[in-house]
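Written out below as structure tokens is the structure these notes cover.
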Amino acid sequence: MTAATTADPAGPGPAVELAVETHGLTKRFGRQKAVDGVDLAVPVGSVFGFLGPNGSGKTTTIRVLLGLASATAGQVRVLGREMPRHGREVLPRVGALVEGPAFYPYLSGEANLHRLDTANRYAPAATRAARVGAALERVGLSHAAHKKVRAYSLGMKQRLGIANALLTPRELLVLDEPTNGLDPQGTREVRSLVRSLAAGGTTVFVSSHLLAEVEQM
């Protein structure tokens with residue numbers, strides 16, 4: 001696996017604060033070593049490409065970063081806090097789309113986001129409708145808010161997944177292969193969204209098996 005930062009915070013200054021930092025991150029499943037001594041330094045405000053072929057351990061690394069799996073060895077810090085020890089403090093500030101979005105196909109995009117937001121105990125119910133509307137607008141799906149998800153293209157489903165990750169303000173967005181399986185139009189839509197999020201100050205961590213995909217974000 002390799003890493004590439006495609007949009008760094010502008011301007012000179014002191015050492016850049018890191019949104020994600022790992023040292024010697026290792027994950028074993030029995031005798032199999034899925035992640036082997038990974039060192040990451042993701043600057044705040046960047047679009048950071050996490051590159052490697054399929055099966056190289058990118059998704060496993062992401063799951064460890066998010067506290068969904070425990071590391072066998074090494075250190076992990078997300079938004080300046082050790083993980084998974086400080087997961088309750090960190091995770092409400094992180095949005096993630098891992099291993100593809102999953103939605104109720106017979107509900108609309110809007111209804112799916114309402115259901116998912118209800119499951120978030122940190123999400124205020126009083127502002128739910130406004131936040132769902134704002135998230136759909138941000139990913140360009142306002143026009144399809146009332147359309148059933150079964151009628152969405154794969155690109156629209158990916159954008160809906162990102163909308164779910166953005167229902168509450170996020171400092172870090174983690175996207176696992178966000179353009180995988182998309183047609184050219186869907187790929188362009190996701191790239192444009194990633195660029196707009198980074199321009200707004202959100203750190204975006206993107207895993208991909210293709211360097212070209214990250215370079216164009």
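Residue names in the structure tokens use chain letters A, B, ... in the order shown, residue numbers from 1 in each chain, and ligand numbers from 1 in the order shown.
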Within 7 Å of segment 170-180 of chain A using only C-alpha atoms, minus same-chain residues under 6 positions, as number ranges by chain
A: 59, 93-99, 158, 187, 190, 202-208
Next, dump the selected residues to file, keeping only N, CA and C atoms, as a PDB file, in the first residue's frame.
```pdb
ATOM      1  N   THR A  59      -9.078  -1.932   3.277  1.00  0.00           N
ATOM      2  CA  THR A  59     -10.325  -1.915   4.050  1.00  0.00           C
ATOM      3  C   THR A  59     -10.069  -2.331   5.495  1.00  0.00           C
ATOM      4  N   ARG A  93     -17.315  12.820  15.040  1.00  0.00           N
ATOM      5  CA  ARG A  93     -16.701  13.841  14.184  1.00  0.00           C
ATOM      6  C   ARG A  93     -16.219  13.258  12.859  1.00  0.00           C
ATOM      7  N   VAL A  94     -16.470  11.953  12.658  1.00  0.00           N
ATOM      8  CA  VAL A  94     -15.977  11.251  11.465  1.00  0.00           C
ATOM      9  C   VAL A  94     -17.155  10.658  10.699  1.00  0.00           C
ATOM     10  N   GLY A  95     -17.178  10.874   9.387  1.00  0.00           N
ATOM     11  CA  GLY A  95     -18.144  10.211   8.511  1.00  0.00           C
ATOM     12  C   GLY A  95     -17.425   9.152   7.706  1.00  0.00           C
ATOM     13  N   ALA A  96     -18.116   8.051   7.394  1.00  0.00           N
ATOM     14  CA  ALA A  96     -17.434   6.964   6.688  1.00  0.00           C
ATOM     15  C   ALA A  96     -18.383   6.240   5.742  1.00  0.00           C
ATOM     16  N   LEU A  97     -17.828   5.811   4.628  1.00  0.00           N
ATOM     17  CA  LEU A  97     -18.519   4.940   3.684  1.00  0.00           C
ATOM     18  C   LEU A  97     -17.570   3.787   3.406  1.00  0.00           C
ATOM     19  N   VAL A  98     -17.847   2.636   4.020  1.00  0.00           N
ATOM     20  CA  VAL A  98     -16.942   1.490   3.961  1.00  0.00           C
ATOM     21  C   VAL A  98     -17.646   0.310   3.314  1.00  0.00           C
ATOM     22  N   GLU A  99     -17.014  -0.278   2.321  1.00  0.00           N
ATOM     23  CA  GLU A  99     -17.518  -1.474   1.637  1.00  0.00           C
ATOM     24  C   GLU A  99     -18.875  -1.252   0.987  1.00  0.00           C
ATOM     25  N   GLN A 158     -23.956   5.801  -4.268  1.00  0.00           N
ATOM     26  CA  GLN A 158     -22.708   6.204  -3.628  1.00  0.00           C
ATOM     27  C   GLN A 158     -22.837   7.597  -3.021  1.00  0.00           C
ATOM     28  N   THR A 187     -18.533   8.339 -11.704  1.00  0.00           N
ATOM     29  CA  THR A 187     -17.178   8.632 -11.226  1.00  0.00           C
ATOM     30  C   THR A 187     -16.937  10.129 -11.172  1.00  0.00           C
ATOM     31  N   VAL A 190     -18.734  11.685  -8.129  1.00  0.00           N
ATOM     32  CA  VAL A 190     -18.075  11.458  -6.843  1.00  0.00           C
ATOM     33  C   VAL A 190     -16.809  12.294  -6.740  1.00  0.00           C
ATOM     34  N   THR A 202     -13.112  19.938   4.880  1.00  0.00           N
ATOM     35  CA  THR A 202     -13.193  18.572   5.388  1.00  0.00           C
ATOM     36  C   THR A 202     -11.994  17.765   4.901  1.00  0.00           C
ATOM     37  N   THR A 203     -11.335  17.046   5.798  1.00  0.00           N
ATOM     38  CA  THR A 203     -10.282  16.122   5.403  1.00  0.00           C
ATOM     39  C   THR A 203     -10.931  14.885   4.802  1.00  0.00           C
ATOM     40  N   VAL A 204     -10.483  14.473   3.617  1.00  0.00           N
ATOM     41  CA  VAL A 204     -11.073  13.319   2.934  1.00  0.00           C
ATOM     42  C   VAL A 204      -9.997  12.253   2.750  1.00  0.00           C
ATOM     43  N   PHE A 205     -10.245  11.084   3.311  1.00  0.00           N
ATOM     44  CA  PHE A 205      -9.344   9.930   3.225  1.00  0.00           C
ATOM     45  C   PHE A 205      -9.968   8.946   2.250  1.00  0.00           C
ATOM     46  N   VAL A 206      -9.334   8.753   1.102  1.00  0.00           N
ATOM     47  CA  VAL A 206      -9.913   7.946   0.027  1.00  0.00           C
ATOM     48  C   VAL A 206      -9.029   6.743  -0.245  1.00  0.00           C
ATOM     49  N   SER A 207      -9.584   5.541  -0.132  1.00  0.00           N
ATOM     50  CA  SER A 207      -8.831   4.359  -0.534  1.00  0.00           C
ATOM     51  C   SER A 207      -9.182   4.019  -1.974  1.00  0.00           C
ATOM     52  N   SER A 208      -8.194   3.568  -2.720  1.00  0.00           N
ATOM     53  CA  SER A 208      -8.415   3.207  -4.121  1.00  0.00           C
ATOM     54  C   SER A 208      -7.318   2.262  -4.581  1.00  0.00           C
TER      55      SER A 208
END
```
All helix (DSSP H, G or I) residues (DSSP, backbone) inside segment 45-200 of chain A, as a VMD selection string
chain A and resid 58 to 65 87 to 93 109 to 118 125 to 138 142 to 144 149 to 151 154 to 165 184 to 199
Give me, as a list in words, all polymer residues having an atom no more than 12 Å from Arg31 of chain A, counting only C-alpha atoms and skipping those fewer than 4 positions away in the same chain.
Lys27, Val35 and Thr72 of chain A
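Take the candidates A:Gly109, A:Ala134, A:Leu116, A:Ala73 and check each one against Ala151 of chain A using only C-alpha atoms; the shortest distance goes to A:Gly109.
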Residues within 9 Å of Lys147 of chain A, only C-alpha atoms, excluding chain neighbours under 6 positions, as a PyMOL selection string:
chain A and resi 107-110
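Counting only C-alpha atoms and comparing A:Pro169, A:Gly155, A:Gly200, A:Gly49, the residue that lies closest to Gly186 of chain A is A:Gly155.
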Coordinates-based distance that separates atom CA of Gly201 of chain A from atom CA of Leu136 of chain A (Å, one decimal):
18.8 Å
Residue with smallest distance to Met83 of chain A - pool A:Arg191, A:Gly52, A:Glu21, A:Leu141, counting only C-alpha atoms:
A:Glu21
